[in-house]
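S.K.: I have a structure here, written as structure tokens, and I will follow up with some questions on it.
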Amino acid sequence: MTNDPGIKLSRRNALSAAGLGAVGTLAAGSAGAAVRQTNKVTIHHVEGRRSQRIIWFCEEAGIPYEVIYKRGDVLGSLNALKVVNPDMPTAPTVVFRGEMLVESGGIIEYLMTQFRGADRFAPRTNSPDFAKFKMWMHYAEGSAMPHLSTDLGKLARTGGTLKPNILGPVKLVGSMDVILFMEKFISAHPYFGGASFSAADIMYDLVMTLIDNLQVDKAVYPNLLAWHERVKARPAYQRAMQAGNPDNVVLKVPIPKEAASAAPPVAPAAAAGHYTTAATTIGVLLADPAAKAAIDRRFPEFTKSSSVTSGMANSMTLKGLQQFKPDMFTDASLAALDEELAKLPVK
């Protein structure tokens, strides 16, 4: 039992506690066993967030744990985290054997080394699947979540639909690349650790939530959807959800529909009555035959480049490209082109 009389621990059932109104659950065995109390993992949790991964892993591995949060009060749980871990109030914050830990992937990998049999949730180091497991274990937070979160933030501000991530003439990795990369792998492997379910799979439940928020056509990733339904059917997942998210709180990022359907703003160049290399996008210039001819005369190789023919540079301006190609787009050459463009009526 815990020293706090306001928190009662049981094998599966989360009971409202006094004080913070937290929830406590002890999984995998009797609450009274001294050895289990010594090895108990305390998970400071927020519903629908990364801390759910730790609960799920503990359920899979049979690790004793206590989960603390304010049910139905995400803000309250976050504020409670600030009291426990003021330096880095993130979920998960885990306390284990006197150590306070953050970072879900690192916590899971650490716990795998601390409990007998928990290492079964990774392929053996001599297995051909071990490299796959390590890559996907870290890809979730190293690449997938940052790209998905960045694009979700953009859409939440501007509305619209997911677009390629383009910087100048370069197409950068974006959310769609992440989705297709995951889909390609899981179409050829049953799990993210290779042949068998592993801790790597636990890392992707929340990733799937972010993908769902992006509202990408689900026909693009049918194998990912099938994998997700398969792992959610696991008994340990179901127990973890009952302990940490009994009300099925889902992280939702609202994307304004009115912004998606609104007409694009008038470009400064159009308002001024003429094109400029600093304000008019390359796509607009190339759509006007006269403007395209002027660019061809000044920069004949540019309009033949893959960044132009593929449309990757359409959202940029010639002035914006100067930082990538200063030898081609000099101040003098752009000024000369501006003189020509100023004589053309805006289409």
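Residues are referred to by chain and number: the chain letter is A, B, ... according to the order shown in the structure tokens, the number counts from 1 in that chain, and ligands are numbered separately from 1 in the order shown.
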Can you list, as a PDB file with C-alpha atoms, in the first residue's frame, every protein, DNA or RNA residue that comes within 6 Å of Thr93 (chain A) when you count only C-alpha atoms, leaving out same-chain residues fewer than 3 positions away?
M.R.:
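Output file around-v2.pdb follows:
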ATOM      1  CA  HIS A  44       2.709  10.943 -13.714  1.00  0.00           C
ATOM      2  CA  LEU A 101      12.801  10.259 -15.717  1.00  0.00           C
ATOM      3  CA  VAL A 102      11.316  11.788 -18.868  1.00  0.00           C
TER       4      VAL A 102
END
S.K.: So how many Å separate CA of Glu301 (chain A) and CA of Pro345 (chain A), to one decimal?
M.R.: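 Between CA of Glu301 (chain A) and CA of Pro345 (chain A) the gap works out to 25.0 Å.
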S.K.: Between A:Gly168, A:Asp129, A:Tyr65, A:His45, which is the closest to Pro89 (chain A) once you count only C-alpha atoms?
M.R.: A:His45
S.K.: What is the distance, in Å and to one decimal place, between CA of Cys58 (chain A) and CA of Asn213 (chain A)?
M.R.: 27.2 Å
S.K.: Between A:Leu321, A:Leu180, A:Ser198, A:Lys292, which is the closest to Lys304 (chain A) once you count only C-alpha atoms?
M.R.: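 For Lys304 (chain A), the nearest of the candidates is A:Lys292.
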S.K.: Give me, as a ChimeraX atom specification, the residues of region 5-202 of chain A that a backbone DSSP run labels strand (DSSP E or B).
M.R.: /A:15-16,23-24,41-44,65-68,93-96,99-101,165-167,170-172,191,194
S.K.: When you look at region 181-187 of chain A with a cut-off of 6 Å (counting only C-alpha atoms), what residues show up, excluding the ones that are within fewer than 6 positions of it in the same chain? I need them as a ChimeraX atom specification.
M.R.: /A:221,223-224
S.K.: Name the closest residue to Phe96 (chain A) among the candidates A:Arg71, A:Arg298, A:Lys40, A:Lys132; distances are taken between atoms, counting only C-alpha atoms.
M.R.: A:Lys40
S.K.: Just asking: which residues within region 148-274 of chain A are alpha helix (DSSP H) according to DSSP, as a VMD selection string?
M.R.: chain A and resid 148 to 158 175 to 188 199 to 202 205 to 213 222 to 232 235 to 244 257 to 261 268 to 272
S.K.: Can you write just those residues out, C-alpha atoms, as a compact mmCIF listing (two decimals), in the first residue's frame?
M.R.:
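New file out.txt:
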# COMPACT_ATOMS: atom_id res chain seq x y z
CA LEU A 148 3.69 15.58 -37.95
CA SER A 149 3.52 18.17 -35.17
CA THR A 150 5.04 20.87 -37.36
CA ASP A 151 2.52 20.31 -40.14
CA LEU A 152 -0.37 20.11 -37.68
CA GLY A 153 0.69 23.44 -36.22
CA LYS A 154 0.72 25.03 -39.68
CA LEU A 155 -2.72 23.69 -40.55
CA ALA A 156 -4.14 24.76 -37.19
CA ARG A 157 -3.05 28.32 -37.98
CA THR A 158 -3.93 28.48 -41.66
CA SER A 175 4.32 14.43 -42.91
CA MET A 176 3.31 12.65 -46.09
CA ASP A 177 6.82 11.24 -46.43
CA VAL A 178 6.58 9.97 -42.85
CA ILE A 179 3.23 8.31 -43.51
CA LEU A 180 4.40 6.67 -46.73
CA PHE A 181 7.66 5.50 -45.11
CA MET A 182 5.74 3.84 -42.29
CA GLU A 183 3.17 2.38 -44.68
CA LYS A 184 5.86 0.88 -46.92
CA PHE A 185 7.60 -0.80 -43.99
CA ILE A 186 4.50 -2.16 -42.30
CA SER A 187 3.19 -3.48 -45.62
CA ALA A 188 6.21 -5.82 -45.68
CA ALA A 199 8.30 -2.05 -27.62
CA ALA A 200 8.73 -0.22 -30.93
CA ASP A 201 5.06 -0.80 -31.72
CA ILE A 202 4.08 0.89 -28.45
CA ASP A 205 -0.14 4.60 -31.08
CA LEU A 206 0.12 8.36 -30.52
CA VAL A 207 1.81 8.79 -33.90
CA MET A 208 -1.33 7.35 -35.46
CA THR A 209 -3.42 9.90 -33.55
CA LEU A 210 -1.45 12.74 -35.12
CA ILE A 211 -1.76 11.17 -38.57
CA ASP A 212 -5.52 10.98 -38.09
CA ASN A 213 -5.55 14.69 -37.22
CA PRO A 222 -4.35 0.80 -45.33
CA ASN A 223 -1.62 -1.41 -43.88
CA LEU A 224 -0.87 1.08 -41.12
CA LEU A 225 -4.54 1.15 -40.19
CA ALA A 226 -4.68 -2.66 -40.12
CA TRP A 227 -1.56 -2.80 -37.94
CA HIS A 228 -3.06 -0.25 -35.54
CA GLU A 229 -6.29 -2.18 -35.12
CA ARG A 230 -4.28 -5.35 -34.52
CA VAL A 231 -2.16 -3.92 -31.70
CA LYS A 232 -5.12 -2.14 -30.12
CA PRO A 235 -5.32 -7.44 -23.93
CA ALA A 236 -2.49 -5.39 -22.41
CA TYR A 237 -3.47 -2.40 -24.56
CA GLN A 238 -7.06 -2.70 -23.41
CA ARG A 239 -5.99 -2.86 -19.75
CA ALA A 240 -3.65 0.10 -20.23
CA MET A 241 -6.44 2.19 -21.72
CA GLN A 242 -8.72 1.30 -18.83
CA ALA A 243 -6.04 2.40 -16.37
CA GLY A 244 -4.83 5.54 -18.15
CA LYS A 257 -12.53 24.78 -42.30
CA GLU A 258 -13.21 28.39 -43.24
CA ALA A 259 -9.51 28.98 -43.77
CA ALA A 260 -9.34 25.92 -45.99
CA SER A 261 -12.09 27.17 -48.29
CA PRO A 268 1.44 42.33 -52.95
CA ALA A 269 2.60 42.32 -56.56
CA ALA A 270 -0.96 42.25 -57.86
CA ALA A 271 -1.98 45.04 -55.51
CA ALA A 272 0.92 47.12 -56.79
S.K.: Which neighbours of Ala294 (chain A) fall inside 9 Å, counting only C-alpha atoms, when residues of the same chain fewer than 6 positions from it are skipped, and could you give them as a PDB file with C-alpha atoms, in the first residue's frame?
M.R.:
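Saved as around.pdb:
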ATOM      1  CA  LEU A 337      14.481  41.504 -64.426  1.00  0.00           C
ATOM      2  CA  GLU A 340      11.243  44.129 -67.466  1.00  0.00           C
ATOM      3  CA  LEU A 341       8.506  42.781 -65.203  1.00  0.00           C
TER       4      LEU A 341
END
S.K.: May I ask which of the residues A:Met135, A:Ile55, A:Val216, A:Leu111 is the closest one to Leu162 (chain A), counting only C-alpha atoms?
M.R.: A:Val216
S.K.: Can you tell me which residues surround Ser104 (chain A) at a distance of at most 7 Å, considering only C-alpha atoms, apart from same-chain residues fewer than 4 positions away, and format the answer as a ChimeraX atom specification?
M.R.: /A:50-51,53-54,92,108
S.K.: Measure the distance from CA of Lys70 (chain A) to CA of Glu47 (chain A) in Å and round it to one decimal.
M.R.: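 CA of Lys70 (chain A) sits 8.6 Å away from CA of Glu47 (chain A).
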S.K.: Using only C-alpha atoms, which of A:His147, A:Ala118, A:Glu339, A:Tyr139 sits nearest Tyr204 (chain A)?
M.R.: A:Tyr139
S.K.: Out of A:Gly105, A:Gly72, A:Pro123, A:Pro164, which residue has the shortest atom-to-atom distance to Asn314 (chain A) when counting only C-alpha atoms?
M.R.: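 Ranked by minimum distance to Asn314 (chain A), first place goes to A:Pro164.
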S.K.: Please provide the set of residues having any atom within 8 Å of Val249 (chain A), restricted to only C-alpha atoms, with same-chain residues fewer than 3 positions apart removed, written as a list in words.
M.R.: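 In the requested form, the answer reads Glu47, Gly48, Asn245 and Pro246 of chain A.
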S.K.: Let's have the selection written as a CSV table (one decimal), in the first residue's frame, with N, CA and C atoms.
M.R.:
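Saved the output as selection-v6.csv:
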chain,number,residue,atom,x,y,z
A,47,GLU,N,-4.0,12.2,-19.8
A,47,GLU,CA,-4.8,11.4,-20.7
A,47,GLU,C,-4.5,11.8,-22.1
A,48,GLY,N,-4.4,10.8,-23.0
A,48,GLY,CA,-4.2,11.0,-24.4
A,48,GLY,C,-2.8,11.5,-24.8
A,245,ASN,N,-6.7,5.8,-19.6
A,245,ASN,CA,-7.6,6.6,-20.5
A,245,ASN,C,-9.0,6.0,-20.6
A,246,PRO,N,-9.6,5.8,-19.4
A,246,PRO,CA,-10.9,5.2,-19.4
A,246,PRO,C,-12.0,5.9,-20.2
